[in-house]
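Written below as structure tokens is the structure these notes are about.
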2 protein chains.
Amino acid sequence: VDGVGERRLNRDVPREPEMRSSPEFDLIAAIRERLRRSESGSHLVGIGDDAAVTVPDGATATSIDALVDGVHFRSEWCPPAAAGHKALATALSDLAAMGARPGEAYVWIGCPEELDEAAILAVAEGLSDCAARTGVSVLGGDLTRAPALALAVTVVGHAATPEELVGRQGARPGDAVCLTGQLGAAAAGLLLLEGADPPGSLADDDRAALIERQLRPMPRLAEGLALARAGAGAMIDLSDGLGADAEQLASASGVEIEIEVDRVPLGAGVEALAGALGSDPHELALGGEDYELLCALPAGRVAAASKALSGFGCGLAEIGRVASGSGVRIRRDDGRLLAALGHDQLYR
Amino acid sequence: VDGVGERRLNRDVPREPEMRSSPEFDLIAAIRERLRRSESGSHLVGIGDDAAVTVPDGATATSIDALVDGVHFRSEWCPPAAAGHKALATALSDLAAMGARPGEAYVWIGCPEELDEAAILAVAEGLSDCAARTGVSVLGGDLTRAPALALAVTVVGHAATPEELVGRQGARPGDAVCLTGQLGAAAAGLLLLEGADPPGSLADDDRAALIERQLRPMPRLAEGLALARAGAGAMIDLSDGLGADAEQLASASGVEIEIEVDRVPLGAGVEALAGALGSDPHELALGGEDYELLCALPAGRVAAASKALSGFGCGLAEIGRVASGSGVRIRRDDGRLLAALGHDQLYR
């Protein structure tokens, strides 16, 4: 069975049966054991067969996302457990933006040779913790070599009918543009992790919270479901940044979105950090990775939506409105245009 | 909108809205256009929203698989289109082994900076071609930077009921162990691609076919469905190699599998190449990546299964049997033991 095997590429983290009693085989078993903890009863076959078997009831929403060392994070400042958590959390954020109930996840972990077993297990722990906190079952996995730590996560969410799910296409002129939570903390946390160190400007608690927000975002799953029920016509999660993601919504719905950036709530410590760095805190707010939800709500439904979200301890801010036209305009409260996106024909 | 953006990690292959008219934006649009070609009518929302929406009927089988440059293939000998094809084909092979009808695929493509647009489009073409040939809809995608070309593919298959799907656990003592097609060609193709060049030993056609088998395997989807209907109690696709994969089946079913390796059909040219290299052709047959199906069939059902497969131009060879015990024994026809797997307690 060897011979040819020696000439084959180094495909998988070693797990051949002849290594059954080796640490590598124990590693796979240990990962499975951690991920099985998160399995609920909604499936028939989970990790360990060619495929996982489920019997979905109604409509499913499915999305794939990836997280790569050196691209989306750096292992110098992102512990392996945080990488595992964040890979699942950011994938689930797309389900939140559909108003779907989270169901199952399927995960590929690419491991560089220098990553030791404890680190790989920590990645699995991070995945498992996030799955447990969100009620997700990790039903499938693949572990192979890769040049850098990388995770690709497919998530499946559910709804009774497809009509219950919220796409990006239903924003209508006159709708209010609403935002969950606060922005800027993830970008601020990234600055801190990448070495920004303004002396004495941040309370220790705020500093820790900003970093945690960058490392361990939580998808707004309950909030997305509530906004869907409250009548949101279009919804997106803020991964790339408020401007870029609003432009996706505007483009899909065939409308213009106007945002008053001074109405965007900022995370604790964001203003202090921006001040110490001599930059505009609203630039941090546009920086992305906050994984808050942006939605278009008929004006008459904002109050009810806001009340529903307060039940989860989450604020809902009305930060702009939908108009006829195309693209996104972001204004300061003095009317000055901070940014315009998707207006190539006007602004080039 | 810049400023902070400049400090952010280089996350995605550029596609910000301000680049709408840039080649990079055109690239995303071109990839979407290629993948949309493969979409069938079974879904409500495909590529372009936060998640794809489907309304599955019955049971689903879901699996994730990855292909990484330098690990599973080398870009020196694997054209980008072949990488795209193979990533989807090998993922679908897991659905074949469940006896599931292929349905949808969700793909992450990680692109190194040095990969030019034509190469990225070729990856998408390869995915799209394989999807079209197998009747699969690519409904979701993610394109980001990565240190090397990498693809992670989640595939979803369907069956009317979960009972129609075939796992690994139902092999019973007395069952026949049956194999679709022929083995060895993929390992032989890999040897050729990696530089083995025995003078004059191979016909040009055989040489090309061996390489094609390594680069563009086709999942045995129709055959898997037919074997499930013919009563296969357990089934697995041969990715890691006959011995290793048979051991997975034996272990999941709690049985021993005995294989007579001289009954394994070899691909055209496999014997000639092995002869020229002075090696045993059956080592190539155990080398993996043939993506044939190995299944356990009640002895009385082999003839009917064989007849069903002949309708697809695919042979079915009875290569061994299931016995009480554990592990896998692979024997030559003189009774000599070639390999034993999963017999730690006996052979260590």
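Please note that chains go A, B, ... in the order of the structure tokens, that every chain numbers its residues from 1, and that ligands are numbered from 1 in the order shown.
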* To do: Enumerate as number ranges by chain all residues of range 10-210 of chain A assigned to strand (DSSP E) by DSSP on the backbone, naming them with the chain letters and numbers the document uses.
  => A: 43-45, 52-54, 59-68, 101-111, 137-145, 150-159, 176-180
* To do: Pick out the chain A residues within 7 Å of chain B. Count only C-alpha atoms. Give them as a PyMOL selection string.
  => chain A and resi 1+4-5+9-11+16-18+49-56+58-66+68+71-72+94-95+97-98+106-108+140-142+145-147+152+154+162+167-168+236+244+283-284+286-287+339+341-342
* To do: Write down as a VMD selection string the residues belonging to range 135-278 of chain A that are assigned alpha helix (DSSP H) by DSSP computed on the backbone.
  => chain A and resid 185 to 193 204 to 215 221 to 229 242 to 253 270 to 277
Now that the selection is made, can you save its residues with N, CA and C atoms as a tab-separated table (two decimals), in the first residue's frame?
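Dumped to result.tsv:
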```tsv
chain	number	residue	atom	x	y	z
A	185	ALA	N	-16.48	49.41	15.84
A	185	ALA	CA	-15.68	48.69	16.82
A	185	ALA	C	-14.74	47.68	16.15
A	186	ALA	N	-15.21	47.00	15.12
A	186	ALA	CA	-14.38	45.98	14.48
A	186	ALA	C	-13.17	46.62	13.79
A	187	ALA	N	-13.40	47.74	13.09
A	187	ALA	CA	-12.28	48.42	12.43
A	187	ALA	C	-11.31	48.99	13.47
A	188	ALA	N	-11.87	49.50	14.57
A	188	ALA	CA	-11.01	50.02	15.64
A	188	ALA	C	-10.20	48.88	16.26
A	189	GLY	N	-10.84	47.74	16.47
A	189	GLY	CA	-10.13	46.58	17.02
A	189	GLY	C	-9.01	46.13	16.10
A	190	LEU	N	-9.27	46.19	14.79
A	190	LEU	CA	-8.24	45.82	13.83
A	190	LEU	C	-7.03	46.76	13.92
A	191	LEU	N	-7.31	48.06	14.07
A	191	LEU	CA	-6.20	49.02	14.21
A	191	LEU	C	-5.36	48.69	15.45
A	192	LEU	N	-6.03	48.37	16.54
A	192	LEU	CA	-5.31	48.04	17.78
A	192	LEU	C	-4.48	46.77	17.59
A	193	LEU	N	-5.09	45.76	16.99
A	193	LEU	CA	-4.38	44.49	16.79
A	193	LEU	C	-3.22	44.66	15.82
A	204	ASP	N	-9.24	50.53	29.58
A	204	ASP	CA	-8.86	49.13	29.34
A	204	ASP	C	-10.05	48.29	28.87
A	205	ASP	N	-11.21	48.53	29.48
A	205	ASP	CA	-12.41	47.77	29.10
A	205	ASP	C	-12.77	48.02	27.63
A	206	ASP	N	-12.73	49.28	27.23
A	206	ASP	CA	-13.07	49.61	25.84
A	206	ASP	C	-12.08	48.97	24.88
A	207	ARG	N	-10.81	49.04	25.23
A	207	ARG	CA	-9.76	48.45	24.40
A	207	ARG	C	-10.03	46.95	24.20
A	208	ALA	N	-10.30	46.28	25.30
A	208	ALA	CA	-10.56	44.83	25.22
A	208	ALA	C	-11.82	44.55	24.39
A	209	ALA	N	-12.84	45.38	24.56
A	209	ALA	CA	-14.10	45.16	23.84
A	209	ALA	C	-13.92	45.38	22.33
A	210	LEU	N	-13.11	46.38	21.97
A	210	LEU	CA	-12.89	46.64	20.55
A	210	LEU	C	-12.16	45.45	19.90
A	211	ILE	N	-11.16	44.95	20.60
A	211	ILE	CA	-10.40	43.80	20.07
A	211	ILE	C	-11.31	42.57	19.97
A	212	GLU	N	-12.13	42.36	21.01
A	212	GLU	CA	-13.04	41.20	21.00
A	212	GLU	C	-14.02	41.30	19.83
A	213	ARG	N	-14.44	42.50	19.53
A	213	ARG	CA	-15.40	42.68	18.44
A	213	ARG	C	-14.78	42.32	17.09
A	214	GLN	N	-13.49	42.61	16.94
A	214	GLN	CA	-12.79	42.22	15.71
A	214	GLN	C	-12.57	40.71	15.67
A	215	LEU	N	-12.22	40.12	16.83
A	215	LEU	CA	-11.87	38.70	16.84
A	215	LEU	C	-13.09	37.78	16.90
A	221	LEU	N	-28.51	36.91	14.51
A	221	LEU	CA	-29.49	35.94	14.01
A	221	LEU	C	-30.90	36.22	14.52
A	222	ALA	N	-31.05	36.41	15.82
A	222	ALA	CA	-32.39	36.68	16.36
A	222	ALA	C	-32.91	38.00	15.81
A	223	GLU	N	-32.01	38.97	15.68
A	223	GLU	CA	-32.41	40.28	15.19
A	223	GLU	C	-32.84	40.21	13.72
A	224	GLY	N	-32.12	39.43	12.92
A	224	GLY	CA	-32.48	39.29	11.51
A	224	GLY	C	-33.87	38.68	11.35
A	225	LEU	N	-34.13	37.66	12.17
A	225	LEU	CA	-35.45	37.01	12.15
A	225	LEU	C	-36.54	38.02	12.54
A	226	ALA	N	-36.26	38.81	13.57
A	226	ALA	CA	-37.25	39.80	14.03
A	226	ALA	C	-37.48	40.87	12.97
A	227	LEU	N	-36.41	41.31	12.30
A	227	LEU	CA	-36.57	42.33	11.27
A	227	LEU	C	-37.35	41.78	10.07
A	228	ALA	N	-37.11	40.51	9.74
A	228	ALA	CA	-37.88	39.88	8.66
A	228	ALA	C	-39.36	39.87	9.04
A	229	ARG	N	-39.65	39.50	10.28
A	229	ARG	CA	-41.05	39.44	10.72
A	229	ARG	C	-41.67	40.83	10.81
A	242	LEU	N	-20.19	49.86	5.51
A	242	LEU	CA	-21.52	50.45	5.34
A	242	LEU	C	-21.75	50.92	3.90
A	243	GLY	N	-20.78	51.65	3.35
A	243	GLY	CA	-20.96	52.19	2.00
A	243	GLY	C	-21.07	51.10	0.95
A	244	ALA	N	-20.12	50.19	0.97
A	244	ALA	CA	-20.08	49.14	-0.05
A	244	ALA	C	-21.29	48.22	0.06
A	245	ASP	N	-21.68	47.88	1.29
A	245	ASP	CA	-22.81	46.97	1.45
A	245	ASP	C	-24.13	47.66	1.13
A	246	ALA	N	-24.26	48.94	1.51
A	246	ALA	CA	-25.46	49.69	1.14
A	246	ALA	C	-25.58	49.76	-0.39
A	247	GLU	N	-24.42	49.88	-1.05
A	247	GLU	CA	-24.47	49.95	-2.51
A	247	GLU	C	-24.98	48.63	-3.10
A	248	GLN	N	-24.61	47.51	-2.47
A	248	GLN	CA	-25.15	46.22	-2.93
A	248	GLN	C	-26.67	46.20	-2.83
A	249	LEU	N	-27.18	46.71	-1.70
A	249	LEU	CA	-28.62	46.74	-1.49
A	249	LEU	C	-29.29	47.66	-2.51
A	250	ALA	N	-28.70	48.84	-2.70
A	250	ALA	CA	-29.27	49.81	-3.64
A	250	ALA	C	-29.29	49.24	-5.05
A	251	SER	N	-28.19	48.62	-5.42
A	251	SER	CA	-28.08	48.07	-6.77
A	251	SER	C	-29.07	46.93	-6.98
A	252	ALA	N	-29.19	46.02	-6.01
A	252	ALA	CA	-30.11	44.89	-6.15
A	252	ALA	C	-31.57	45.35	-6.19
A	253	SER	N	-31.88	46.42	-5.44
A	253	SER	CA	-33.26	46.90	-5.38
A	253	SER	C	-33.58	47.93	-6.45
A	270	VAL	N	-14.75	53.90	20.15
A	270	VAL	CA	-14.42	54.20	18.75
A	270	VAL	C	-14.04	55.68	18.60
A	271	GLU	N	-14.83	56.55	19.24
A	271	GLU	CA	-14.55	57.98	19.15
A	271	GLU	C	-13.22	58.30	19.82
A	272	ALA	N	-12.98	57.70	20.97
A	272	ALA	CA	-11.75	57.99	21.70
A	272	ALA	C	-10.53	57.56	20.88
A	273	LEU	N	-10.62	56.39	20.27
A	273	LEU	CA	-9.48	55.91	19.48
A	273	LEU	C	-9.25	56.79	18.25
A	274	ALA	N	-10.34	57.12	17.56
A	274	ALA	CA	-10.21	57.97	16.37
A	274	ALA	C	-9.61	59.32	16.76
A	275	GLY	N	-10.08	59.87	17.89
A	275	GLY	CA	-9.55	61.15	18.35
A	275	GLY	C	-8.05	61.08	18.60
A	276	ALA	N	-7.62	60.02	19.28
A	276	ALA	CA	-6.21	59.88	19.60
A	276	ALA	C	-5.37	59.69	18.34
A	277	LEU	N	-5.97	59.13	17.30
A	277	LEU	CA	-5.23	58.90	16.05
A	277	LEU	C	-5.41	60.08	15.08
```
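Taking CA of Ala124 in chain A and CA of Gly84 in chain A as the two end points, the separation is 6.2 Å.
In this structure, CA of Ala118 in chain A sits 24.2 Å away from CA of Thr134 in chain A.
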Please list as a PDB file with C-alpha atoms, in the first residue's frame every residue within 8 Å of Thr90 in chain A, counting only C-alpha atoms and excluding residues in the same chain fewer than 6 positions away.
```pdb
ATOM      1  CA  ASP A  65     -17.679  32.027   3.244  1.00  0.00           C
ATOM      2  CA  PRO A 217     -18.142  38.986  16.062  1.00  0.00           C
ATOM      3  CA  MET A 218     -21.580  37.517  16.761  1.00  0.00           C
ATOM      4  CA  PRO A 219     -24.100  37.164  13.931  1.00  0.00           C
ATOM      5  CA  TYR A 291     -21.594  42.266  11.006  1.00  0.00           C
TER       6      TYR A 291
END
```
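When CA of Gly174 in chain B is paired with CA of Leu266 in chain B, their separation reads 25.2 Å.
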* **12 Å contact set for Val322 in chain A, only C-alpha atoms, chain neighbours under 4 positions out, as a ChimeraX atom specification** => /A:170-178,233-234,246-247,249-251,253-260,295-299,318,326-329
* Test item: residues at most 8 Å from Gln182 in chain B, only C-alpha atoms, excluding those fewer than 4 positions along its chain, as a ChimeraX atom specification -> /B:264-267,290,292
